[in-house]
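**Student:** Next comes the structure file input05.txt, holding compact mmCIF, N, CA and C atoms.
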# COMPACT_ATOMS: atom_id res chain seq x y z
N MET X 17 79.26 124.64 182.89
CA MET X 17 80.45 124.59 183.73
C MET X 17 80.10 124.81 185.20
N LYS X 18 79.19 125.76 185.45
CA LYS X 18 78.77 126.06 186.82
C LYS X 18 78.08 124.84 187.44
N LYS X 19 77.24 124.17 186.66
CA LYS X 19 76.52 123.00 187.14
C LYS X 19 77.48 121.86 187.42
N LYS X 20 78.48 121.67 186.58
CA LYS X 20 79.47 120.62 186.77
C LYS X 20 80.26 120.87 188.06
N LEU X 21 80.60 122.11 188.31
CA LEU X 21 81.32 122.47 189.55
C LEU X 21 80.46 122.18 190.77
N LEU X 22 79.16 122.48 190.67
CA LEU X 22 78.24 122.18 191.76
C LEU X 22 78.15 120.68 192.00
N GLN X 23 78.07 119.90 190.93
CA GLN X 23 78.00 118.45 191.05
C GLN X 23 79.26 117.89 191.72
N ILE X 24 80.41 118.36 191.28
CA ILE X 24 81.68 117.90 191.86
C ILE X 24 81.76 118.30 193.33
N SER X 25 81.34 119.52 193.64
CA SER X 25 81.37 120.00 195.03
C SER X 25 80.46 119.17 195.92
N LEU X 26 79.25 118.90 195.47
CA LEU X 26 78.31 118.10 196.26
C LEU X 26 78.80 116.66 196.44
N LEU X 27 79.40 116.11 195.39
CA LEU X 27 79.95 114.77 195.49
C LEU X 27 81.11 114.74 196.49
N PHE X 28 81.94 115.76 196.47
CA PHE X 28 83.08 115.86 197.40
C PHE X 28 82.58 116.01 198.84
N ILE X 29 81.60 116.87 199.06
CA ILE X 29 81.05 117.08 200.40
C ILE X 29 80.43 115.79 200.93
N THR X 30 79.70 115.08 200.07
CA THR X 30 79.08 113.80 200.47
C THR X 30 80.16 112.78 200.80
N GLY X 31 81.21 112.73 200.01
CA GLY X 31 82.33 111.82 200.29
C GLY X 31 83.01 112.16 201.61
N CYS X 32 83.18 113.45 201.88
CA CYS X 32 83.78 113.87 203.16
C CYS X 32 82.87 113.48 204.32
N TYR X 33 81.57 113.64 204.15
CA TYR X 33 80.64 113.25 205.21
C TYR X 33 80.71 111.75 205.48
N CYS X 34 80.80 110.96 204.42
CA CYS X 34 80.95 109.50 204.59
C CYS X 34 82.25 109.18 205.33
N SER X 35 83.31 109.91 205.03
CA SER X 35 84.58 109.72 205.73
C SER X 35 84.46 110.06 207.21
N ILE X 36 83.72 111.11 207.52
CA ILE X 36 83.52 111.50 208.92
C ILE X 36 82.74 110.41 209.66
N ILE X 37 81.72 109.86 209.03
CA ILE X 37 80.96 108.75 209.64
C ILE X 37 81.91 107.58 209.91
N TRP X 38 82.73 107.25 208.93
CA TRP X 38 83.66 106.13 209.05
C TRP X 38 84.65 106.36 210.20
N LEU X 39 85.23 107.55 210.24
CA LEU X 39 86.20 107.86 211.30
C LEU X 39 85.55 107.88 212.67
N GLN X 40 84.36 108.45 212.75
CA GLN X 40 83.65 108.51 214.03
C GLN X 40 83.38 107.11 214.55
N SER X 41 82.97 106.22 213.67
CA SER X 41 82.67 104.87 214.13
C SER X 41 83.95 104.07 214.37
N SER X 42 85.07 104.52 213.83
CA SER X 42 86.34 103.84 214.05
C SER X 42 86.97 104.20 215.38
N TYR X 43 86.80 105.45 215.82
CA TYR X 43 87.54 105.93 216.98
C TYR X 43 86.70 106.18 218.22
N PHE X 44 85.38 106.10 218.11
CA PHE X 44 84.54 106.31 219.29
C PHE X 44 84.61 105.07 220.17
N ASN X 45 84.99 105.26 221.42
CA ASN X 45 85.10 104.17 222.37
C ASN X 45 84.12 104.41 223.52
N PRO X 46 83.02 103.69 223.55
CA PRO X 46 82.03 103.90 224.62
C PRO X 46 82.60 103.63 226.02
N GLU X 47 83.60 102.76 226.11
CA GLU X 47 84.21 102.45 227.41
C GLU X 47 84.92 103.67 228.00
N SER X 48 85.53 104.49 227.15
CA SER X 48 86.21 105.68 227.66
C SER X 48 85.22 106.71 228.19
N ALA X 49 84.01 106.70 227.66
CA ALA X 49 82.99 107.63 228.13
C ALA X 49 82.40 107.19 229.46
N SER X 50 82.49 105.90 229.79
CA SER X 50 81.88 105.41 231.03
C SER X 50 82.54 106.00 232.27
N ALA X 51 83.85 106.23 232.24
CA ALA X 51 84.54 106.84 233.38
C ALA X 51 84.05 108.27 233.60
N LEU X 52 83.80 108.97 232.53
CA LEU X 52 83.28 110.33 232.63
C LEU X 52 81.86 110.34 233.18
N LEU X 53 81.07 109.37 232.79
CA LEU X 53 79.67 109.33 233.17
C LEU X 53 79.45 109.08 234.66
N ILE X 54 80.43 108.48 235.32
CA ILE X 54 80.31 108.22 236.76
C ILE X 54 80.23 109.52 237.55
N SER X 55 80.92 110.55 237.08
CA SER X 55 80.95 111.81 237.80
C SER X 55 79.87 112.79 237.37
N VAL X 56 78.98 112.37 236.49
CA VAL X 56 77.94 113.26 235.96
C VAL X 56 76.58 112.85 236.54
N HIS X 57 75.70 113.81 236.65
CA HIS X 57 74.36 113.57 237.17
C HIS X 57 73.64 112.53 236.31
N PRO X 58 72.92 111.58 236.93
CA PRO X 58 72.24 110.51 236.16
C PRO X 58 71.28 111.02 235.10
N LEU X 59 70.63 112.15 235.34
CA LEU X 59 69.72 112.70 234.34
C LEU X 59 70.47 113.14 233.09
N LEU X 60 71.65 113.70 233.30
CA LEU X 60 72.49 114.10 232.17
C LEU X 60 72.97 112.88 231.40
N VAL X 61 73.28 111.80 232.12
CA VAL X 61 73.69 110.55 231.47
C VAL X 61 72.55 110.03 230.60
N LEU X 62 71.34 110.07 231.13
CA LEU X 62 70.16 109.63 230.37
C LEU X 62 69.99 110.47 229.11
N PHE X 63 70.11 111.79 229.28
CA PHE X 63 69.97 112.71 228.14
C PHE X 63 71.04 112.42 227.08
N MET X 64 72.28 112.19 227.51
CA MET X 64 73.36 111.91 226.56
C MET X 64 73.12 110.59 225.83
N GLY X 65 72.60 109.58 226.56
CA GLY X 65 72.29 108.30 225.94
C GLY X 65 71.20 108.43 224.88
N ILE X 66 70.17 109.19 225.20
CA ILE X 66 69.09 109.42 224.24
C ILE X 66 69.62 110.17 223.02
N ALA X 67 70.47 111.18 223.25
CA ALA X 67 71.03 111.95 222.15
C ALA X 67 71.87 111.06 221.23
N LEU X 68 72.65 110.16 221.81
CA LEU X 68 73.47 109.25 220.98
C LEU X 68 72.59 108.31 220.16
N GLU X 69 71.49 107.85 220.74
CA GLU X 69 70.59 106.98 219.99
C GLU X 69 69.87 107.76 218.88
N LEU X 70 69.47 109.00 219.18
CA LEU X 70 68.81 109.82 218.16
C LEU X 70 69.76 110.16 217.02
N PHE X 71 71.04 110.18 217.33
CA PHE X 71 72.04 110.49 216.31
C PHE X 71 71.96 109.50 215.15
N HIS X 72 71.60 108.24 215.43
CA HIS X 72 71.46 107.25 214.36
C HIS X 72 70.40 107.68 213.36
N PHE X 73 69.30 108.24 213.84
CA PHE X 73 68.23 108.67 212.94
C PHE X 73 68.69 109.82 212.05
N ILE X 74 69.48 110.70 212.60
CA ILE X 74 69.89 111.90 211.88
C ILE X 74 71.08 111.64 210.97
N GLU X 75 72.05 110.88 211.44
CA GLU X 75 73.30 110.67 210.72
C GLU X 75 73.10 110.17 209.29
N PHE X 76 72.32 109.13 209.12
CA PHE X 76 72.14 108.57 207.78
C PHE X 76 71.00 109.24 207.03
N GLY X 77 70.11 109.91 207.73
CA GLY X 77 69.11 110.76 207.09
C GLY X 77 69.79 111.92 206.38
N LEU X 78 70.81 112.50 207.04
CA LEU X 78 71.57 113.58 206.41
C LEU X 78 72.35 113.08 205.20
N LEU X 79 72.86 111.86 205.28
CA LEU X 79 73.54 111.28 204.12
C LEU X 79 72.56 111.14 202.95
N TYR X 80 71.36 110.67 203.23
CA TYR X 80 70.33 110.58 202.19
C TYR X 80 70.08 111.97 201.58
N LEU X 81 69.95 112.98 202.43
CA LEU X 81 69.69 114.34 201.97
C LEU X 81 70.81 114.84 201.06
N MET X 82 72.05 114.56 201.44
CA MET X 82 73.19 114.99 200.61
C MET X 82 73.16 114.29 199.25
N ILE X 83 72.83 113.01 199.25
CA ILE X 83 72.74 112.27 197.99
C ILE X 83 71.63 112.85 197.12
N ILE X 84 70.51 113.20 197.73
CA ILE X 84 69.39 113.79 196.98
C ILE X 84 69.79 115.14 196.38
N PHE X 85 70.48 115.97 197.15
CA PHE X 85 70.93 117.25 196.60
C PHE X 85 71.82 117.01 195.38
N PHE X 86 72.72 116.03 195.47
CA PHE X 86 73.58 115.70 194.33
C PHE X 86 72.75 115.25 193.14
N LEU X 87 71.79 114.35 193.38
CA LEU X 87 70.97 113.83 192.28
C LEU X 87 70.06 114.89 191.68
N LEU X 88 69.66 115.88 192.47
CA LEU X 88 68.82 116.96 191.94
C LEU X 88 69.56 117.82 190.92
N THR X 89 70.89 117.80 190.94
CA THR X 89 71.63 118.57 189.94
C THR X 89 71.53 117.94 188.55
N PHE X 90 70.95 116.74 188.47
CA PHE X 90 70.74 116.06 187.19
C PHE X 90 69.29 116.14 186.73
N GLY X 91 68.47 116.91 187.43
CA GLY X 91 67.07 117.06 187.03
C GLY X 91 66.13 116.85 188.19
N TYR X 92 64.86 116.87 187.87
CA TYR X 92 63.81 116.78 188.90
C TYR X 92 63.90 115.49 189.71
N LEU X 93 63.38 115.57 190.92
CA LEU X 93 63.36 114.40 191.79
C LEU X 93 62.32 113.40 191.28
N THR X 94 62.78 112.19 191.07
CA THR X 94 61.91 111.12 190.62
C THR X 94 61.95 109.99 191.65
N MET X 95 61.05 109.05 191.50
CA MET X 95 61.03 107.89 192.39
C MET X 95 62.36 107.12 192.27
N LYS X 96 62.89 107.05 191.06
CA LYS X 96 64.16 106.35 190.84
C LYS X 96 65.29 107.02 191.62
N LYS X 97 65.34 108.35 191.58
CA LYS X 97 66.37 109.07 192.33
C LYS X 97 66.20 108.89 193.83
N GLU X 98 64.96 108.89 194.30
CA GLU X 98 64.71 108.64 195.72
C GLU X 98 65.20 107.26 196.12
N MET X 99 64.93 106.27 195.28
CA MET X 99 65.35 104.89 195.58
C MET X 99 66.87 104.76 195.55
N ILE X 100 67.51 105.48 194.64
CA ILE X 100 68.98 105.50 194.59
C ILE X 100 69.52 106.08 195.91
N GLY X 101 68.92 107.18 196.36
CA GLY X 101 69.34 107.79 197.63
C GLY X 101 69.14 106.86 198.81
N VAL X 102 68.00 106.20 198.85
CA VAL X 102 67.71 105.24 199.93
C VAL X 102 68.69 104.07 199.85
N PHE X 103 68.92 103.56 198.64
CA PHE X 103 69.81 102.41 198.48
C PHE X 103 71.23 102.74 198.96
N PHE X 104 71.78 103.85 198.50
CA PHE X 104 73.16 104.17 198.86
C PHE X 104 73.31 104.51 200.34
N SER X 105 72.38 105.26 200.90
CA SER X 105 72.51 105.61 202.32
C SER X 105 72.29 104.38 203.21
N THR X 106 71.36 103.50 202.84
CA THR X 106 71.14 102.27 203.60
C THR X 106 72.34 101.33 203.45
N SER X 107 72.86 101.23 202.25
CA SER X 107 74.03 100.38 202.02
C SER X 107 75.23 100.86 202.83
N TYR X 108 75.42 102.17 202.87
CA TYR X 108 76.55 102.70 203.65
C TYR X 108 76.34 102.45 205.14
N SER X 109 75.09 102.50 205.58
CA SER X 109 74.78 102.18 206.97
C SER X 109 75.17 100.73 207.28
N LEU X 110 74.84 99.82 206.39
CA LEU X 110 75.19 98.41 206.56
C LEU X 110 76.70 98.22 206.54
N ILE X 111 77.37 98.86 205.60
CA ILE X 111 78.83 98.77 205.52
C ILE X 111 79.48 99.30 206.80
N ASP X 112 78.96 100.39 207.32
CA ASP X 112 79.50 100.96 208.55
C ASP X 112 79.31 100.01 209.74
N GLU X 113 78.17 99.36 209.82
CA GLU X 113 77.94 98.41 210.91
C GLU X 113 78.86 97.19 210.79
N ILE X 114 79.06 96.70 209.57
CA ILE X 114 79.99 95.59 209.36
C ILE X 114 81.40 96.03 209.77
N HIS X 115 81.76 97.24 209.39
CA HIS X 115 83.06 97.81 209.76
C HIS X 115 83.22 97.86 211.28
N GLN X 116 82.16 98.21 212.00
CA GLN X 116 82.24 98.31 213.46
C GLN X 116 82.46 96.94 214.12
N TYR X 117 82.06 95.89 213.45
CA TYR X 117 82.27 94.54 213.97
C TYR X 117 83.76 94.27 214.20
N TYR X 118 84.61 94.87 213.39
CA TYR X 118 86.05 94.63 213.45
C TYR X 118 86.81 95.67 214.27
N ILE X 119 86.10 96.61 214.86
CA ILE X 119 86.72 97.67 215.65
C ILE X 119 86.62 97.30 217.13
N PRO X 120 87.74 97.37 217.87
CA PRO X 120 87.66 97.09 219.31
C PRO X 120 86.68 98.04 219.99
N PHE X 121 85.94 97.54 220.95
CA PHE X 121 84.94 98.27 221.73
C PHE X 121 83.68 98.61 220.94
N ARG X 122 83.60 98.20 219.69
CA ARG X 122 82.40 98.44 218.88
C ARG X 122 81.77 97.11 218.52
N SER X 123 80.57 97.14 217.99
CA SER X 123 79.90 95.90 217.63
C SER X 123 78.94 96.13 216.47
N PHE X 124 78.61 95.03 215.80
CA PHE X 124 77.60 95.03 214.74
C PHE X 124 76.24 94.98 215.43
N SER X 125 75.31 95.82 214.97
CA SER X 125 73.99 95.85 215.61
C SER X 125 72.89 96.00 214.56
N ILE X 126 72.01 95.02 214.51
CA ILE X 126 70.84 95.11 213.63
C ILE X 126 69.97 96.29 214.07
N GLY X 127 69.89 96.51 215.38
CA GLY X 127 69.10 97.63 215.90
C GLY X 127 69.58 98.97 215.36
N ASP X 128 70.90 99.13 215.26
CA ASP X 128 71.44 100.38 214.70
C ASP X 128 71.08 100.52 213.23
N ILE X 129 71.12 99.42 212.49
CA ILE X 129 70.74 99.47 211.07
C ILE X 129 69.28 99.87 210.93
N VAL X 130 68.43 99.32 211.80
CA VAL X 130 67.00 99.67 211.76
C VAL X 130 66.82 101.15 212.08
N LYS X 131 67.51 101.65 213.11
CA LYS X 131 67.40 103.08 213.45
C LYS X 131 67.89 103.95 212.30
N ASN X 132 68.99 103.55 211.67
CA ASN X 132 69.50 104.31 210.52
C ASN X 132 68.48 104.34 209.39
N PHE X 133 67.87 103.19 209.11
CA PHE X 133 66.88 103.10 208.03
C PHE X 133 65.64 103.94 208.35
N ILE X 134 65.20 103.90 209.59
CA ILE X 134 64.05 104.74 209.98
C ILE X 134 64.39 106.22 209.78
N GLY X 135 65.61 106.61 210.14
CA GLY X 135 66.03 107.99 209.92
C GLY X 135 66.02 108.36 208.45
N ILE X 136 66.46 107.45 207.60
CA ILE X 136 66.46 107.69 206.16
C ILE X 136 65.02 107.87 205.67
N ILE X 137 64.11 107.00 206.11
CA ILE X 137 62.71 107.09 205.69
C ILE X 137 62.08 108.39 206.17
N ILE X 138 62.42 108.83 207.37
CA ILE X 138 61.92 110.12 207.88
C ILE X 138 62.39 111.25 206.96
N PHE X 139 63.65 111.20 206.54
CA PHE X 139 64.17 112.24 205.65
C PHE X 139 63.54 112.15 204.26
N VAL X 140 63.21 110.94 203.79
CA VAL X 140 62.49 110.80 202.52
C VAL X 140 61.16 111.56 202.63
N TYR X 141 60.46 111.33 203.72
CA TYR X 141 59.17 112.01 203.95
C TYR X 141 59.36 113.52 204.00
N ILE X 142 60.37 113.99 204.72
CA ILE X 142 60.62 115.44 204.84
C ILE X 142 60.90 116.05 203.47
N VAL X 143 61.76 115.39 202.68
CA VAL X 143 62.09 115.91 201.35
C VAL X 143 60.84 115.98 200.48
N ARG X 144 60.04 114.92 200.47
CA ARG X 144 58.80 114.94 199.68
C ARG X 144 57.88 116.06 200.12
N LYS X 145 57.73 116.19 201.43
CA LYS X 145 56.83 117.21 201.98
C LYS X 145 57.32 118.62 201.59
N LEU X 146 58.62 118.85 201.71
CA LEU X 146 59.17 120.17 201.39
C LEU X 146 59.06 120.49 199.91
N LEU X 147 59.18 119.48 199.05
CA LEU X 147 59.06 119.74 197.62
C LEU X 147 57.61 119.96 197.19
N LYS X 148 56.66 119.43 197.94
CA LYS X 148 55.25 119.61 197.59
C LYS X 148 54.65 120.89 198.15
N THR X 149 55.23 121.42 199.20
CA THR X 149 54.68 122.62 199.82
C THR X 149 55.39 123.87 199.30
N LYS X 150 54.70 124.96 199.35
CA LYS X 150 55.26 126.23 198.87
C LYS X 150 55.70 127.13 200.03
N ARG X 151 55.68 126.59 201.26
CA ARG X 151 56.10 127.39 202.41
C ARG X 151 57.55 127.81 202.28
N ASN X 152 57.88 128.90 202.93
CA ASN X 152 59.25 129.40 202.89
C ASN X 152 60.05 128.81 204.04
N SER X 153 60.83 127.80 203.73
CA SER X 153 61.80 127.27 204.67
C SER X 153 63.13 127.24 203.93
N ARG X 154 64.20 127.36 204.63
CA ARG X 154 65.51 127.39 203.95
C ARG X 154 65.77 126.09 203.19
N LEU X 155 65.50 124.97 203.85
CA LEU X 155 65.74 123.69 203.20
C LEU X 155 64.78 123.50 202.02
N GLY X 156 63.51 123.87 202.20
CA GLY X 156 62.54 123.78 201.12
C GLY X 156 62.95 124.63 199.93
N ASN X 157 63.39 125.85 200.19
CA ASN X 157 63.84 126.73 199.12
C ASN X 157 65.04 126.16 198.39
N LEU X 158 65.99 125.58 199.15
CA LEU X 158 67.17 124.95 198.53
C LEU X 158 66.75 123.78 197.64
N LEU X 159 65.84 122.95 198.14
CA LEU X 159 65.37 121.82 197.35
C LEU X 159 64.64 122.28 196.09
N HIS X 160 63.79 123.30 196.23
CA HIS X 160 63.08 123.83 195.06
C HIS X 160 64.05 124.41 194.04
N LYS X 161 65.05 125.13 194.53
CA LYS X 161 66.03 125.74 193.62
C LYS X 161 66.84 124.66 192.91
N ALA X 162 67.29 123.66 193.65
CA ALA X 162 68.06 122.58 193.03
C ALA X 162 67.19 121.78 192.07
N ASN X 163 65.92 121.62 192.39
CA ASN X 163 65.00 120.87 191.55
C ASN X 163 64.68 121.61 190.26
N ALA X 164 64.74 122.94 190.30
CA ALA X 164 64.38 123.75 189.14
C ALA X 164 65.53 123.89 188.15
N ASP X 165 66.76 123.76 188.64
CA ASP X 165 67.93 123.96 187.75
C ASP X 165 68.13 122.84 186.77
Could you spell out this file's structure in structure tokens?

**Tutor:**
Amino acid sequence: MKKKLLQISLLFITGCYCSIIWLQSSYFNPESASALLISVHPLLVLFMGIALELFHFIEFGLLYLMIIFFLLTFGYLTMKKEMIGVFFSTSYSLIDEIHQYYIPFRSFSIGDIVKNFIGIIIFVYIVRKLLKTKRNSRLGNLLHKANAD
């Protein structure tokens, strides 16, 4: 019963995160930010631009991580589970980009899909590394605990 509650909770959290991604891409208007950027120091504008681009790497990498935590509640991490995580997070990235094509002030971008995929692959590497090492990190400990249950 406890495991089933954990599975439902992780599935719900992952679904909420997907909803947040969807809403963020629906309502973010880069044009509205341009008026603000005129009054800000150019270095800060550069930093904000870099941060927004780095967000692509993290956003879907975190989705992959959430999917992996959910899949770990069904047993040890296998190559099949990793591929399922990569498939679903990459597919959602593609769906989100297609969705942005129909949103005013947004656009479909192959570059964004590539950045999202690179972020997912980076998180695949991090998860593998954390599961193979015995160092004490919070995320590593969580992965080990979920993998052992």

**Student:** DSSP on the backbone: which residues in chain X end up as helix (DSSP H, G or I)? Give the answer as a VMD selection string.

**Tutor:** chain X and resid 18 to 43 46 to 54 58 to 88 95 to 117 126 to 148 154 to 164

**Student:** Kindly indicate which residue among X:Trp38, X:Gly31, X:Lys131, X:Tyr141 lies nearest to Leu68 of chain X, using only C-alpha atoms for the distances.

**Tutor:** X:Lys131

**Student:** Using only C-alpha atoms, pick whichever of X:Ile129, X:Ile29, X:Leu62, X:Ile24 has the shortest atom-to-atom distance to Leu78 of chain X.

**Tutor:** X:Ile29

**Student:** Quick one: of X:Gly127, X:Gly101, X:Gln116, X:Lys19, who's nearest to Met82 of chain X, counting all atoms listed in the file?

**Tutor:**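 Ranking X:Gly127, X:Gly101, X:Gln116, X:Lys19 by distance to Met82 of chain X, first place goes to X:Gly101.
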
**Student:** Return the single residue from X:Phe121, X:Phe103, X:Phe73, X:Tyr92 that is closest to Gly135 of chain X, with distances computed using all atoms listed in the file.

**Tutor:** X:Phe73

**Student:** Suppose you want the space between atom C of Pro58 of chain X and atom CA of Ser123 of chain X; what is it in Å?

**Tutor:**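 Atom-to-atom, atom C of Pro58 of chain X and atom CA of Ser123 of chain X are spaced 24.7 Å apart.
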
**Student:** Figure out the distance between atom N of Val102 of chain X and atom CA of Leu81 of chain X, please, to one decimal in Å.

**Tutor:**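 It comes out at 8.9 Å.
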
**Student:** Please put the answer as JSON: centre and edge lengths, in Å with one decimal, of a box along x, y and z that encloses all listed atoms of segment 116-132 of chain X plus 5 Å on each side.

**Tutor:**
{"center_x": 77.3, "center_y": 99.3, "center_z": 215.6, "size_x": 30.9, "size_y": 20.1, "size_z": 22.3}

**Student:** To one decimal in Å, tell me the separation between atom CA of Tyr43 of chain X and atom CA of Ser105 of chain X.

**Tutor:**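 Between atom CA of Tyr43 of chain X and atom CA of Ser105 of chain X the gap works out to 21.0 Å.
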
**Student:** Considering only C-alpha atoms, return as a PyMOL selection string whatever protein or nucleic-acid residues lie within 12 Å of His72 of chain X, sequence-local ones (same chain, fewer than 6 positions apart) excluded.

**Tutor:** chain X and resi 37+41+65-66+78-79+106+109+112-113+125+127-136+138

**Student:** Go ahead and write the selection's residues with N, CA and C atoms as a compact mmCIF listing (two decimals), keeping the file's coordinate frame.

**Tutor:**
# COMPACT_ATOMS: atom_id res chain seq x y z
N ILE X 37 81.72 109.86 209.03
CA ILE X 37 80.96 108.75 209.64
C ILE X 37 81.91 107.58 209.91
N SER X 41 82.97 106.22 213.67
CA SER X 41 82.67 104.87 214.13
C SER X 41 83.95 104.07 214.37
N GLY X 65 72.60 109.58 226.56
CA GLY X 65 72.29 108.30 225.94
C GLY X 65 71.20 108.43 224.88
N ILE X 66 70.17 109.19 225.20
CA ILE X 66 69.09 109.42 224.24
C ILE X 66 69.62 110.17 223.02
N LEU X 78 70.81 112.50 207.04
CA LEU X 78 71.57 113.58 206.41
C LEU X 78 72.35 113.08 205.20
N LEU X 79 72.86 111.86 205.28
CA LEU X 79 73.54 111.28 204.12
C LEU X 79 72.56 111.14 202.95
N THR X 106 71.36 103.50 202.84
CA THR X 106 71.14 102.27 203.60
C THR X 106 72.34 101.33 203.45
N SER X 109 75.09 102.50 205.58
CA SER X 109 74.78 102.18 206.97
C SER X 109 75.17 100.73 207.28
N ASP X 112 78.96 100.39 207.32
CA ASP X 112 79.50 100.96 208.55
C ASP X 112 79.31 100.01 209.74
N GLU X 113 78.17 99.36 209.82
CA GLU X 113 77.94 98.41 210.91
C GLU X 113 78.86 97.19 210.79
N SER X 125 75.31 95.82 214.97
CA SER X 125 73.99 95.85 215.61
C SER X 125 72.89 96.00 214.56
N GLY X 127 69.89 96.51 215.38
CA GLY X 127 69.10 97.63 215.90
C GLY X 127 69.58 98.97 215.36
N ASP X 128 70.90 99.13 215.26
CA ASP X 128 71.44 100.38 214.70
C ASP X 128 71.08 100.52 213.23
N ILE X 129 71.12 99.42 212.49
CA ILE X 129 70.74 99.47 211.07
C ILE X 129 69.28 99.87 210.93
N VAL X 130 68.43 99.32 211.80
CA VAL X 130 67.00 99.67 211.76
C VAL X 130 66.82 101.15 212.08
N LYS X 131 67.51 101.65 213.11
CA LYS X 131 67.40 103.08 213.45
C LYS X 131 67.89 103.95 212.30
N ASN X 132 68.99 103.55 211.67
CA ASN X 132 69.50 104.31 210.52
C ASN X 132 68.48 104.34 209.39
N PHE X 133 67.87 103.19 209.11
CA PHE X 133 66.88 103.10 208.03
C PHE X 133 65.64 103.94 208.35
N ILE X 134 65.20 103.90 209.59
CA ILE X 134 64.05 104.74 209.98
C ILE X 134 64.39 106.22 209.78
N GLY X 135 65.61 106.61 210.14
CA GLY X 135 66.03 107.99 209.92
C GLY X 135 66.02 108.36 208.45
N ILE X 136 66.46 107.45 207.60
CA ILE X 136 66.46 107.69 206.16
C ILE X 136 65.02 107.87 205.67
N ILE X 138 62.42 108.83 207.37
CA ILE X 138 61.92 110.12 207.88
C ILE X 138 62.39 111.25 206.96

**Student:** I'd like to know which of X:Lys148, X:Arg122, X:Ala67, X:Leu110 is closest to Phe44 of chain X, using only N, CA and C atoms.

**Tutor:**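 When distances to Phe44 of chain X are compared using only N, CA and C atoms, the smallest one comes from X:Arg122.
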
**Student:** Between X:Thr94, X:Ser107, X:Ser35, X:Thr89, single out the one closest to Leu147 of chain X, counting only C-alpha atoms.

**Tutor:**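 Checking each candidate against Leu147 of chain X, we get X:Thr94 as the closest.
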